[in-house]
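Asks: Structure file my_file.txt (compact mmCIF, C-alpha atoms and all ligand atoms) right here:
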# COMPACT_ATOMS: atom_id res chain seq x y z
CA MET A 1350 90.14 19.68 -11.53
CA LYS A 1351 88.76 16.46 -12.99
CA THR A 1352 90.16 13.17 -11.69
CA PHE A 1353 89.10 9.95 -13.36
CA VAL A 1354 89.96 6.53 -14.68
CA HIS A 1355 88.59 5.56 -18.10
CA ARG A 1356 88.44 1.94 -19.20
CA GLY A 1357 88.17 1.58 -22.97
CA GLN A 1358 86.63 -1.39 -24.74
CA ILE A 1359 87.87 -3.41 -27.66
CA THR A 1360 84.67 -4.54 -29.37
CA LYS A 1361 84.48 -3.81 -33.09
CA VAL A 1362 81.18 -2.09 -33.94
CA VAL A 1363 79.57 -1.96 -37.38
CA PHE A 1364 76.47 0.26 -37.56
CA GLY A 1365 74.03 1.00 -40.37
CA SER A 1366 71.28 -0.33 -42.59
CA GLY A 1367 71.78 -3.66 -44.35
CA THR A 1368 74.98 -4.28 -42.39
CA ARG A 1369 74.04 -7.94 -41.79
CA SER A 1370 75.34 -8.61 -45.29
CA ARG A 1371 78.81 -8.12 -43.78
CA ILE A 1372 78.40 -11.04 -41.39
CA PRO A 1373 80.38 -13.53 -43.55
CA GLU A 1374 83.39 -11.20 -43.74
CA GLU A 1375 83.17 -10.33 -40.03
CA ALA A 1376 83.08 -14.07 -39.20
CA GLU A 1377 86.03 -14.65 -41.51
CA ALA A 1378 87.94 -11.79 -39.85
CA LEU A 1379 87.55 -13.65 -36.55
CA GLU A 1380 88.63 -16.90 -38.28
CA CYS A 1381 85.24 -18.43 -37.51
CA ARG A 1382 84.56 -21.31 -39.88
CA ARG A 1383 81.94 -23.21 -37.84
CA VAL A 1384 79.39 -20.72 -36.55
CA LEU A 1385 76.57 -21.75 -34.21
CA ILE A 1386 73.68 -19.29 -34.47
CA LEU A 1387 71.71 -18.48 -31.28
CA CYS A 1388 68.22 -16.99 -31.07
CA THR A 1389 64.95 -17.14 -29.17
CA PRO A 1390 62.12 -19.26 -30.62
CA GLY A 1391 60.59 -16.03 -32.01
CA ARG A 1392 63.66 -15.04 -34.05
CA VAL A 1393 64.12 -18.21 -36.14
CA ASP A 1394 63.25 -16.42 -39.40
CA GLN A 1395 65.97 -13.80 -38.89
CA ALA A 1396 68.36 -16.56 -37.79
CA ALA A 1397 67.59 -18.51 -40.99
CA GLU A 1398 68.50 -15.47 -43.08
CA ILE A 1399 71.85 -15.20 -41.32
CA ARG A 1400 72.40 -18.92 -41.77
CA ASP A 1401 71.83 -18.53 -45.52
CA LEU A 1402 74.30 -15.64 -45.61
CA LEU A 1403 76.94 -17.73 -43.86
CA GLY A 1404 76.40 -20.77 -46.07
CA THR A 1405 78.68 -23.67 -45.15
CA ALA A 1406 80.26 -21.60 -42.33
CA ALA A 1407 77.02 -22.06 -40.33
CA VAL A 1408 76.88 -25.38 -38.49
CA GLY A 1409 73.52 -25.02 -36.77
CA THR A 1410 70.96 -22.93 -34.93
CA PHE A 1411 70.14 -23.16 -31.23
CA ALA A 1412 66.77 -21.42 -30.83
CA GLU A 1413 66.12 -21.80 -27.11
CA ALA A 1414 67.50 -18.56 -25.63
CA ALA A 1415 65.31 -17.38 -22.74
CA PRO A 1416 65.10 -14.31 -20.48
CA HIS A 1417 67.50 -14.04 -17.54
CA THR A 1418 69.81 -16.72 -19.00
CA PRO A 1419 68.73 -19.88 -17.14
CA VAL A 1420 71.81 -22.06 -16.53
CA GLU A 1421 70.01 -25.21 -17.69
CA VAL A 1422 69.53 -23.64 -21.14
CA THR A 1423 73.20 -22.63 -21.20
CA ARG A 1424 74.31 -26.19 -20.36
CA LYS A 1425 72.20 -27.53 -23.21
CA ALA A 1426 73.58 -24.92 -25.61
CA VAL A 1427 77.19 -25.65 -24.59
CA ALA A 1428 76.58 -29.36 -25.25
CA HIS A 1429 75.04 -28.48 -28.63
CA ALA A 1430 78.03 -26.27 -29.52
CA GLY A 1431 80.33 -29.17 -28.69
CA SER A 1432 78.33 -31.67 -30.73
CA VAL A 1433 78.53 -29.53 -33.88
CA GLU A 1434 82.17 -28.55 -33.16
CA ALA A 1435 81.34 -24.85 -33.27
CA ASP A 1436 84.31 -22.47 -33.24
CA CYS A 1437 82.18 -19.34 -32.75
CA VAL A 1438 78.70 -18.31 -31.61
CA LEU A 1439 76.58 -15.68 -33.34
CA SER A 1440 73.72 -14.22 -31.30
CA ILE A 1441 70.86 -12.63 -33.19
CA GLY A 1442 68.23 -11.10 -30.93
CA GLY A 1443 67.85 -9.13 -27.74
CA GLY A 1444 69.48 -9.37 -24.35
CA SER A 1445 68.23 -12.92 -23.79
CA THR A 1446 70.07 -14.29 -26.81
CA ILE A 1447 73.15 -12.15 -26.30
CA GLY A 1448 73.19 -13.24 -22.64
CA LEU A 1449 73.24 -16.87 -23.77
CA GLY A 1450 76.12 -16.11 -26.14
CA LYS A 1451 78.10 -14.58 -23.29
CA ALA A 1452 77.33 -17.48 -20.95
CA ILE A 1453 78.58 -19.94 -23.62
CA ALA A 1454 81.68 -17.82 -24.27
CA VAL A 1455 82.75 -17.77 -20.63
CA ARG A 1456 82.35 -21.56 -20.40
CA THR A 1457 84.00 -22.47 -23.70
CA GLY A 1458 86.22 -19.56 -24.73
CA LEU A 1459 84.40 -19.37 -28.09
CA PRO A 1460 84.44 -15.91 -29.71
CA GLN A 1461 81.09 -14.19 -30.26
CA LEU A 1462 79.49 -12.10 -32.93
CA ALA A 1463 76.34 -10.21 -31.94
CA LEU A 1464 73.48 -8.82 -34.03
CA PRO A 1465 71.26 -6.95 -31.55
CA THR A 1466 67.60 -6.59 -32.46
CA THR A 1467 66.41 -4.76 -29.32
CA TYR A 1468 67.72 -1.80 -27.30
CA ALA A 1469 68.88 -3.77 -24.21
CA GLY A 1470 72.57 -2.99 -24.79
CA SER A 1471 73.94 -6.24 -23.36
CA GLU A 1472 76.23 -6.72 -26.39
CA MET A 1473 78.43 -3.82 -25.27
CA SER A 1474 79.01 -5.03 -21.72
CA PRO A 1475 80.94 -7.96 -20.26
CA ILE A 1476 78.23 -8.44 -17.63
CA VAL A 1477 76.86 -11.97 -17.54
CA GLY A 1478 73.61 -12.30 -15.60
CA GLU A 1479 72.45 -15.88 -15.02
CA THR A 1480 69.53 -17.46 -13.21
CA GLU A 1481 69.65 -20.69 -11.26
CA GLY A 1482 66.46 -21.57 -9.45
CA ARG A 1483 65.00 -18.16 -8.56
CA ARG A 1484 68.32 -16.48 -7.87
CA LYS A 1485 70.01 -14.24 -10.41
CA THR A 1486 73.73 -13.63 -10.15
CA THR A 1487 76.04 -11.47 -12.23
CA ARG A 1488 79.73 -11.44 -13.01
CA ARG A 1489 81.89 -9.55 -15.37
CA PRO A 1490 84.57 -11.65 -17.03
CA ALA A 1491 86.39 -9.94 -19.92
CA GLU A 1492 85.88 -12.95 -22.22
CA ALA A 1493 82.10 -12.38 -22.11
CA LEU A 1494 82.41 -9.32 -24.35
CA PRO A 1495 81.50 -10.01 -28.00
CA LYS A 1496 84.42 -9.52 -30.40
CA THR A 1497 82.22 -7.89 -33.06
CA VAL A 1498 78.79 -6.27 -32.87
CA VAL A 1499 76.88 -5.62 -36.08
CA TYR A 1500 73.99 -3.19 -35.63
CA ASP A 1501 71.59 -3.46 -38.54
CA VAL A 1502 68.72 -0.99 -38.18
CA ASP A 1503 66.62 -3.10 -40.56
CA LEU A 1504 66.49 -5.93 -38.01
CA THR A 1505 64.74 -3.66 -35.52
CA LEU A 1506 61.88 -2.68 -37.84
CA THR A 1507 59.89 -5.76 -36.80
CA PHE A 1508 60.23 -4.96 -33.10
CA PRO A 1509 56.68 -4.05 -31.98
CA ALA A 1510 56.11 -0.45 -30.85
CA ALA A 1511 55.14 -1.32 -27.27
CA THR A 1512 58.18 -3.53 -26.64
CA SER A 1513 60.42 -1.04 -28.43
CA VAL A 1514 59.35 1.67 -25.98
CA VAL A 1515 60.15 -0.37 -22.87
CA SER A 1516 63.36 -1.68 -24.39
CA GLY A 1517 64.35 1.91 -25.12
CA VAL A 1518 63.62 2.92 -21.53
CA ASN A 1519 65.77 -0.03 -20.42
CA ALA A 1520 68.60 1.59 -22.39
CA MET A 1521 67.81 4.97 -20.81
CA ALA A 1522 68.19 3.34 -17.39
CA HIS A 1523 71.78 2.33 -18.23
CA ALA A 1524 72.49 5.94 -19.21
CA VAL A 1525 70.82 7.36 -16.11
CA GLU A 1526 72.87 5.19 -13.75
CA ALA A 1527 76.05 5.96 -15.71
CA LEU A 1528 75.42 9.69 -15.14
CA TYR A 1529 75.64 9.29 -11.37
CA ALA A 1530 77.92 6.24 -11.12
CA GLN A 1531 80.65 6.57 -8.54
CA ASP A 1532 83.25 5.61 -11.12
CA ARG A 1533 81.77 7.65 -13.99
CA ASP A 1534 84.26 9.36 -16.22
CA PRO A 1535 83.85 12.20 -18.72
CA VAL A 1536 83.45 9.77 -21.62
CA ALA A 1537 80.70 7.79 -19.90
CA PHE A 1538 78.92 11.03 -18.93
CA LEU A 1539 79.00 12.30 -22.51
CA LEU A 1540 77.88 8.97 -23.97
CA ALA A 1541 75.06 8.70 -21.43
CA GLY A 1542 73.80 12.21 -22.18
CA GLU A 1543 73.90 11.62 -25.93
CA ALA A 1544 72.12 8.27 -25.42
CA LEU A 1545 69.32 10.00 -23.50
CA ASP A 1546 68.99 12.69 -26.18
CA SER A 1547 68.68 10.05 -28.92
CA LEU A 1548 66.24 7.85 -27.05
CA THR A 1549 63.96 10.63 -25.79
CA ARG A 1550 63.85 11.97 -29.37
CA SER A 1551 63.24 8.66 -31.15
CA LEU A 1552 60.98 6.59 -28.87
CA PRO A 1553 57.93 8.87 -29.21
CA VAL A 1554 58.28 8.63 -33.00
CA ILE A 1555 58.61 4.83 -32.90
CA ALA A 1556 55.54 4.59 -30.64
CA ARG A 1557 53.54 6.27 -33.42
CA ARG A 1558 55.37 4.94 -36.48
CA PRO A 1559 57.31 1.73 -35.74
CA ASP A 1560 58.49 1.59 -39.38
CA ASP A 1561 60.21 5.00 -39.25
CA ARG A 1562 63.74 4.01 -40.24
CA GLU A 1563 65.38 7.27 -39.15
CA ALA A 1564 63.84 7.04 -35.68
CA ARG A 1565 64.85 3.37 -35.52
CA ALA A 1566 68.44 4.32 -36.37
CA ASP A 1567 68.40 7.05 -33.72
CA ALA A 1568 67.09 4.64 -31.08
CA LEU A 1569 69.60 1.94 -31.95
CA TYR A 1570 72.39 4.51 -31.84
CA GLY A 1571 71.18 5.59 -28.39
CA ALA A 1572 70.97 1.97 -27.27
CA TRP A 1573 74.54 1.36 -28.42
CA LEU A 1574 75.78 4.38 -26.48
CA ALA A 1575 73.80 3.41 -23.39
CA GLY A 1576 75.10 -0.16 -23.59
CA THR A 1577 78.62 1.20 -23.90
CA CYS A 1578 78.14 2.90 -20.52
CA LEU A 1579 77.27 -0.44 -18.90
CA GLY A 1580 80.75 -1.86 -19.33
CA PRO A 1581 83.14 0.63 -17.76
CA VAL A 1582 81.05 1.98 -14.86
CA ASP A 1583 79.19 0.34 -11.99
CA MET A 1584 75.43 0.39 -12.07
CA ALA A 1585 73.71 1.16 -8.75
CA LEU A 1586 70.35 0.88 -6.97
CA HIS A 1587 68.11 0.91 -10.06
CA HIS A 1588 69.83 -2.06 -11.70
CA LYS A 1589 69.95 -3.88 -8.36
CA VAL A 1590 66.18 -3.46 -7.90
CA CYS A 1591 65.40 -4.74 -11.42
CA HIS A 1592 67.85 -7.58 -11.08
CA VAL A 1593 66.18 -8.72 -7.83
CA LEU A 1594 62.65 -8.37 -9.22
CA GLY A 1595 63.55 -10.24 -12.41
CA GLY A 1596 65.26 -13.07 -10.58
CA ALA A 1597 62.83 -13.49 -7.67
CA PHE A 1598 59.51 -12.98 -9.46
CA GLY A 1599 60.34 -13.62 -13.11
CA LEU A 1600 59.15 -10.13 -14.06
CA PRO A 1601 59.77 -9.06 -17.67
CA HIS A 1602 63.11 -7.25 -17.89
CA ALA A 1603 62.49 -4.12 -19.94
CA GLU A 1604 59.02 -3.49 -18.50
CA THR A 1605 60.41 -3.74 -14.96
CA HIS A 1606 63.13 -1.19 -15.77
CA THR A 1607 60.46 1.12 -17.16
CA VAL A 1608 58.29 1.00 -14.05
CA VAL A 1609 61.14 1.23 -11.53
CA LEU A 1610 63.32 3.95 -13.11
CA PRO A 1611 61.32 7.06 -12.08
CA HIS A 1612 61.11 5.82 -8.49
CA VAL A 1613 64.84 5.23 -8.10
CA VAL A 1614 65.59 8.55 -9.80
CA ALA A 1615 63.29 10.25 -7.29
CA TYR A 1616 65.14 8.55 -4.46
CA ASN A 1617 68.67 9.27 -5.75
CA GLY A 1618 67.95 12.69 -7.24
CA PRO A 1619 68.85 14.88 -4.25
CA MET A 1620 72.32 13.29 -4.14
CA ALA A 1621 72.96 13.49 -7.89
CA PRO A 1622 72.16 17.03 -9.08
CA GLU A 1623 74.47 16.96 -12.12
CA ALA A 1624 72.85 13.76 -13.40
CA MET A 1625 69.36 15.13 -12.75
CA ALA A 1626 70.18 18.27 -14.74
CA ARG A 1627 71.30 16.16 -17.72
CA ILE A 1628 68.17 13.98 -17.58
CA THR A 1629 65.83 16.96 -17.42
CA ARG A 1630 67.66 18.53 -20.37
CA ALA A 1631 67.18 15.37 -22.46
CA LEU A 1632 63.49 14.86 -21.69
CA PRO A 1633 62.94 17.92 -21.41
CA ALA A 1634 61.18 18.30 -18.05
CA ASP A 1635 61.38 20.36 -14.85
CA ASP A 1636 61.95 17.33 -12.67
CA ALA A 1637 63.81 14.16 -13.73
CA ALA A 1638 61.69 11.59 -11.87
CA SER A 1639 58.31 13.05 -12.83
CA GLY A 1640 59.57 13.65 -16.34
CA LEU A 1641 60.57 9.99 -16.74
CA PHE A 1642 57.23 8.83 -15.29
CA ASP A 1643 55.31 11.06 -17.71
CA PHE A 1644 57.55 10.16 -20.66
CA ALA A 1645 56.85 6.42 -20.24
CA GLY A 1646 53.17 7.01 -19.50
CA LYS A 1647 52.64 9.09 -22.64
CA LEU A 1648 54.15 6.29 -24.70
CA GLY A 1649 51.69 3.81 -23.20
CA ALA A 1650 54.29 1.91 -21.18
CA PRO A 1651 53.34 0.02 -18.03
CA ARG A 1652 53.60 1.94 -14.74
CA ALA A 1653 52.75 -0.64 -12.08
CA LEU A 1654 54.69 -3.70 -10.94
CA ARG A 1655 51.39 -5.37 -10.07
CA ASP A 1656 50.47 -5.22 -13.77
CA LEU A 1657 53.67 -7.10 -14.54
CA GLY A 1658 52.67 -9.95 -12.23
CA MET A 1659 54.44 -9.03 -9.00
CA PRO A 1660 52.55 -10.25 -5.93
CA GLU A 1661 52.02 -7.57 -3.23
CA PRO A 1662 53.64 -9.65 -0.45
CA GLY A 1663 56.73 -9.76 -2.66
CA ILE A 1664 57.47 -6.10 -1.80
CA GLU A 1665 58.83 -7.04 1.62
CA GLN A 1666 60.89 -9.92 0.26
CA ALA A 1667 62.29 -7.75 -2.53
CA ALA A 1668 63.23 -4.96 -0.11
CA GLU A 1669 65.15 -7.49 1.97
CA LEU A 1670 67.05 -8.81 -1.06
CA ILE A 1671 67.79 -5.32 -2.40
CA VAL A 1672 69.53 -4.17 0.78
CA ARG A 1673 71.25 -7.47 1.55
CA ASP A 1674 74.44 -7.04 -0.53
CA GLY A 1675 76.74 -4.05 -0.25
CA TYR A 1676 77.02 -1.87 -3.36
CA TRP A 1677 77.60 1.76 -4.07
CA ASN A 1678 74.66 4.12 -4.58
CA PRO A 1679 74.67 7.93 -4.51
CA ARG A 1680 72.23 7.86 -1.60
CA PRO A 1681 72.55 5.34 1.24
CA VAL A 1682 70.08 2.53 0.64
CA ASP A 1683 67.70 1.49 3.37
CA ARG A 1684 64.96 -1.08 3.65
CA THR A 1685 62.26 1.34 4.78
CA ALA A 1686 62.89 3.65 1.86
CA VAL A 1687 63.11 0.78 -0.63
CA ARG A 1688 59.86 -0.71 0.69
CA ALA A 1689 58.21 2.72 0.35
CA PHE A 1690 59.20 3.30 -3.27
CA LEU A 1691 58.50 -0.33 -4.23
CA THR A 1692 55.00 0.07 -2.80
CA ARG A 1693 54.45 3.10 -5.00
CA ALA A 1694 55.92 1.34 -8.03
CA TRP A 1695 53.78 -1.73 -7.34
CA ALA A 1696 50.61 0.38 -7.31
CA GLY A 1697 51.63 2.56 -10.28
CA GLU A 1698 51.73 5.80 -8.26
CA ARG A 1699 53.80 8.84 -9.16
CA PRO A 1700 57.42 8.82 -7.91
CA TRP A 1701 58.08 10.66 -4.69
CA THR A 1702 61.35 12.00 -3.28
CA PRO A 1703 61.87 11.39 0.44
CA ALA A 1704 63.25 14.49 2.16
CA GLY A 1705 66.59 14.45 3.97
CA ASP A 1706 65.03 14.24 7.45
CA GLU A 1707 63.01 11.24 6.36
CA HIS A 1708 66.26 9.48 5.85
CA PRO A 1709 66.50 5.83 6.81
CA ARG A 1710 67.43 4.65 10.25
CA PRO A 1711 71.20 4.21 10.53
CA ASP A 1712 71.01 0.57 11.61
CA SER A 1713 69.61 -0.56 8.28
CA VAL A 1714 71.58 1.73 6.02
CA ILE A 1715 74.06 0.53 3.43
CA GLU A 1716 76.67 3.26 3.36
CA PRO A 1717 78.12 4.21 0.00
CA SER A 1718 81.08 1.95 -0.57
CA VAL A 1719 82.85 0.36 -3.47
CA THR A 1720 82.09 -3.34 -3.57
CA THR A 1721 83.71 -5.43 -6.25
CA GLY A 1722 81.33 -7.56 -8.22
CA ALA A 1723 78.39 -5.22 -7.62
CA ARG A 1724 77.29 -5.30 -11.22
CA HIS A 1725 73.66 -5.72 -12.04
CA ALA A 1726 72.06 -6.06 -15.41
P1 LIG B 1 64.58 -10.38 -25.14
O1 LIG B 1 65.92 -10.63 -25.71
O2 LIG B 1 64.05 -11.39 -24.16
O3 LIG B 1 63.56 -10.17 -26.32
C1 LIG B 1 62.18 -9.95 -26.01
C2 LIG B 1 61.31 -10.58 -27.08
O4 LIG B 1 61.38 -9.79 -28.24
C3 LIG B 1 61.73 -11.99 -27.48
O5 LIG B 1 60.58 -12.79 -27.60
C4 LIG B 1 62.37 -11.80 -28.84
O6 LIG B 1 62.23 -12.92 -29.68
C5 LIG B 1 61.61 -10.59 -29.37
N1 LIG B 1 62.37 -9.79 -30.31
C6 LIG B 1 63.65 -9.40 -30.20
N2 LIG B 1 63.99 -8.64 -31.24
C7 LIG B 1 62.89 -8.52 -32.02
C8 LIG B 1 62.62 -7.85 -33.24
N3 LIG B 1 63.55 -7.10 -33.85
N4 LIG B 1 61.39 -7.97 -33.77
C9 LIG B 1 60.43 -8.69 -33.14
N5 LIG B 1 60.62 -9.33 -31.97
C10 LIG B 1 61.85 -9.25 -31.43
O7 LIG B 1 64.49 -8.97 -24.40
P2 LIG B 1 65.57 -7.86 -24.04
O8 LIG B 1 64.82 -6.88 -23.25
O9 LIG B 1 66.33 -7.43 -25.22
O10 LIG B 1 66.62 -8.60 -23.10
C11 LIG B 1 66.30 -8.96 -21.78
C12 LIG B 1 67.38 -9.87 -21.23
O11 LIG B 1 68.65 -9.27 -21.44
C13 LIG B 1 67.26 -10.12 -19.74
O12 LIG B 1 67.62 -11.45 -19.47
C14 LIG B 1 68.28 -9.16 -19.15
O13 LIG B 1 68.74 -9.58 -17.91
C15 LIG B 1 69.36 -9.16 -20.20
N6 LIG B 1 70.18 -7.95 -20.23
C16 LIG B 1 71.48 -8.05 -19.91
C17 LIG B 1 72.32 -6.94 -19.95
C18 LIG B 1 73.80 -7.09 -19.63
O14 LIG B 1 74.57 -6.16 -19.75
N7 LIG B 1 74.24 -8.25 -19.18
C19 LIG B 1 71.82 -5.69 -20.34
C20 LIG B 1 70.46 -5.60 -20.67
C21 LIG B 1 69.66 -6.75 -20.63
In structure tokens, write the structure found in this file.
Ligand code: NAD

Replies:
Amino acid sequence: MKTFVHRGQITKVVFGSGTRSRIPEEAEALECRRVLILCTPGRVDQAAEIRDLLGTAAVGTFAEAAPHTPVEVTRKAVAHAGSVEADCVLSIGGGSTIGLGKAIAVRTGLPQLALPTTYAGSEMSPIVGETEGRRKTTRRPAEALPKTVVYDVDLTLTFPAATSVVSGVNAMAHAVEALYAQDRDPVAFLLAGEALDSLTRSLPVIARRPDDREARADALYGAWLAGTCLGPVDMALHHKVCHVLGGAFGLPHAETHTVVLPHVVAYNGPMAPEAMARITRALPADDAASGLFDFAGKLGAPRALRDLGMPEPGIEQAAELIVRDGYWNPRPVDRTAVRAFLTRAWAGERPWTPAGDEHPRPDSVIEPSVTTGARHA
């Protein structure tokens, strides 16, 4: 008999082509009359279009969003929002911009509208990841969740093929960890499987034809579903690894997820057979870890952490940080095993599943346990 707890979400979602034209009415529905638009320096053209749509309801654009949400950028943005008396923030962009919107919301209580232009999925989760110095921390306050998310497929057409592929694999990683999450529920499992089906179907098409609108819609749909899984269930080892690597070495987010995912799936696979069966069905492939490695490789995605700028001595430091905090994972996490798969990921080697008798020494094992606050993004 199934036993589960399902936590629903309250975000309004508008999905389609040309849906950005609804932004003024969605802002009005939230009683937002002084909207501050957020973007990265590269998205100012799209931000300008939204500003034109909003007319006098737009009070400015803050175009300094940056990866991993540096707190100094957030402080500057909060001051800017205060100076223009914003009553709402609208984030147009990927996870970096949406992360800034969330960080502002938790500090000011301002409602958020989000227009995602990548497949990161942050808009559907209350997880706020922030970087101070070289340390990345996450929390999960309810007020971080955008009130309304408008997915406009047209905004993703400019997303280059190579970055679309890694961003899509980032979304797949949310789905993969939702499939074996300790607190997964039937809804999350179904959403995660459907997300994987959509993304494995659409990303190869986008890699060849980035202007294929149907494939773009399929990928964005998959990204929405995968992002929806991020909110209600706890992510595990994979997200922890990427979170540590991003914070400690400034590695690019989506690319890091793409390189790491097959290695963590290889490690966790023996303890998560139901999840592995769903992944292999979506790919399709005989083995989930090898299938994910080959899938990314065929699409020209990076395979080695060293190619992303990670220094080799960083492997030891990363392994230490990855095992330091308690969090739940389907397979007990140990420094020796983490060091071993990080070494393979660093060099770009195929994933490898350690056998049961090669299991970590008990003294350095993190036993599966529920730890509040163990949310990584
Ligand atoms: P990003 O937001 O940094 O965007 C990458 C680059 O792509 C930027 O230069 C941006 O300007 C450009 N870009 C975005 N959309 C484009 C488009 N349609 N056309 C052309 N260029 C476009 O990258 P990301 O991978 O979306 O987000 C990464 C960040 O999001 C990280 O900080 C990560 O920690 C965070 N994140 C958080 C969560 C969460 O739940 N909290 C989930 C996923 C990612």

Asks: As an exercise, work out the distance from atom O11 of ligand LIG 1 (chain B) to atom CA of A:Leu1449 in Å and give it to one decimal place.

Replies: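 We find that atom O11 of ligand LIG 1 (chain B) and atom CA of A:Leu1449 lie 9.2 Å from each other.
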
Asks: Neighbours of ligand LIG 1 (chain B) within 8 Å, counting all atoms listed in the file, as a PDB file with C-alpha atoms, in the frame of the given file?

Replies:
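File produced: selection08.pdb:
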ATOM      1  CA  CYS A1388      68.220 -16.990 -31.070  1.00  0.00           C
ATOM      2  CA  THR A1389      64.950 -17.140 -29.170  1.00  0.00           C
ATOM      3  CA  PRO A1390      62.120 -19.260 -30.620  1.00  0.00           C
ATOM      4  CA  GLY A1391      60.590 -16.030 -32.010  1.00  0.00           C
ATOM      5  CA  ARG A1392      63.660 -15.040 -34.050  1.00  0.00           C
ATOM      6  CA  ALA A1415      65.310 -17.380 -22.740  1.00  0.00           C
ATOM      7  CA  PRO A1416      65.100 -14.310 -20.480  1.00  0.00           C
ATOM      8  CA  HIS A1417      67.500 -14.040 -17.540  1.00  0.00           C
ATOM      9  CA  THR A1418      69.810 -16.720 -19.000  1.00  0.00           C
ATOM     10  CA  GLY A1442      68.230 -11.100 -30.930  1.00  0.00           C
ATOM     11  CA  GLY A1443      67.850  -9.130 -27.740  1.00  0.00           C
ATOM     12  CA  GLY A1444      69.480  -9.370 -24.350  1.00  0.00           C
ATOM     13  CA  SER A1445      68.230 -12.920 -23.790  1.00  0.00           C
ATOM     14  CA  THR A1446      70.070 -14.290 -26.810  1.00  0.00           C
ATOM     15  CA  ILE A1447      73.150 -12.150 -26.300  1.00  0.00           C
ATOM     16  CA  GLY A1448      73.190 -13.240 -22.640  1.00  0.00           C
ATOM     17  CA  PRO A1465      71.260  -6.950 -31.550  1.00  0.00           C
ATOM     18  CA  THR A1466      67.600  -6.590 -32.460  1.00  0.00           C
ATOM     19  CA  THR A1467      66.410  -4.760 -29.320  1.00  0.00           C
ATOM     20  CA  TYR A1468      67.720  -1.800 -27.300  1.00  0.00           C
ATOM     21  CA  ALA A1469      68.880  -3.770 -24.210  1.00  0.00           C
ATOM     22  CA  GLY A1470      72.570  -2.990 -24.790  1.00  0.00           C
ATOM     23  CA  SER A1471      73.940  -6.240 -23.360  1.00  0.00           C
ATOM     24  CA  GLU A1472      76.230  -6.720 -26.390  1.00  0.00           C
ATOM     25  CA  MET A1473      78.430  -3.820 -25.270  1.00  0.00           C
ATOM     26  CA  SER A1474      79.010  -5.030 -21.720  1.00  0.00           C
ATOM     27  CA  PRO A1475      80.940  -7.960 -20.260  1.00  0.00           C
ATOM     28  CA  ILE A1476      78.230  -8.440 -17.630  1.00  0.00           C
ATOM     29  CA  VAL A1477      76.860 -11.970 -17.540  1.00  0.00           C
ATOM     30  CA  GLY A1478      73.610 -12.300 -15.600  1.00  0.00           C
ATOM     31  CA  GLU A1479      72.450 -15.880 -15.020  1.00  0.00           C
ATOM     32  CA  THR A1487      76.040 -11.470 -12.230  1.00  0.00           C
ATOM     33  CA  LEU A1504      66.490  -5.930 -38.010  1.00  0.00           C
ATOM     34  CA  THR A1505      64.740  -3.660 -35.520  1.00  0.00           C
ATOM     35  CA  LEU A1506      61.880  -2.680 -37.840  1.00  0.00           C
ATOM     36  CA  THR A1507      59.890  -5.760 -36.800  1.00  0.00           C
ATOM     37  CA  PHE A1508      60.230  -4.960 -33.100  1.00  0.00           C
ATOM     38  CA  PRO A1509      56.680  -4.050 -31.980  1.00  0.00           C
ATOM     39  CA  THR A1512      58.180  -3.530 -26.640  1.00  0.00           C
ATOM     40  CA  SER A1516      63.360  -1.680 -24.390  1.00  0.00           C
ATOM     41  CA  ASN A1519      65.770  -0.030 -20.420  1.00  0.00           C
ATOM     42  CA  ALA A1520      68.600   1.590 -22.390  1.00  0.00           C
ATOM     43  CA  GLY A1576      75.100  -0.160 -23.590  1.00  0.00           C
ATOM     44  CA  LEU A1579      77.270  -0.440 -18.900  1.00  0.00           C
ATOM     45  CA  GLY A1580      80.750  -1.860 -19.330  1.00  0.00           C
ATOM     46  CA  HIS A1592      67.850  -7.580 -11.080  1.00  0.00           C
ATOM     47  CA  GLY A1595      63.550 -10.240 -12.410  1.00  0.00           C
ATOM     48  CA  PRO A1601      59.770  -9.060 -17.670  1.00  0.00           C
ATOM     49  CA  HIS A1602      63.110  -7.250 -17.890  1.00  0.00           C
ATOM     50  CA  ALA A1603      62.490  -4.120 -19.940  1.00  0.00           C
ATOM     51  CA  HIS A1725      73.660  -5.720 -12.040  1.00  0.00           C
ATOM     52  CA  ALA A1726      72.060  -6.060 -15.410  1.00  0.00           C
TER      53      ALA A1726
END

Asks: Return as JSON lines the residues of stretch 1469-1577 of chain A lying at most 12 Å from stretch 1672-1696 of chain A, together with the closest atom-to-atom pair for each and the distance in Å to one decimal, counting only C-alpha atoms, with rows in chain order and ascending residue number.

Replies:
{"residue": "A:Thr1486", "atom": "CA", "partner": "A:Asp1674", "partner_atom": "CA", "distance": 11.7}
{"residue": "A:Glu1526", "atom": "CA", "partner": "A:Asn1678", "partner_atom": "CA", "distance": 9.4}
{"residue": "A:Ala1527", "atom": "CA", "partner": "A:Asn1678", "partner_atom": "CA", "distance": 11.4}
{"residue": "A:Leu1528", "atom": "CA", "partner": "A:Pro1679", "partner_atom": "CA", "distance": 10.8}
{"residue": "A:Tyr1529", "atom": "CA", "partner": "A:Pro1679", "partner_atom": "CA", "distance": 7.1}
{"residue": "A:Ala1530", "atom": "CA", "partner": "A:Pro1679", "partner_atom": "CA", "distance": 7.6}
{"residue": "A:Gln1531", "atom": "CA", "partner": "A:Trp1677", "partner_atom": "CA", "distance": 7.2}
{"residue": "A:Asp1532", "atom": "CA", "partner": "A:Trp1677", "partner_atom": "CA", "distance": 9.8}
{"residue": "A:Arg1533", "atom": "CA", "partner": "A:Pro1679", "partner_atom": "CA", "distance": 11.8}

Asks: List the spatial neighbours of A:Glu1563 as a ChimeraX atom specification - criterion: any atom at most 12 Å away, only C-alpha atoms, same-chain residues fewer than 2 positions off excluded.

Replies: /A:1365-1366,1502-1503,1505-1506,1547,1550-1552,1554-1555,1558-1561,1565-1570
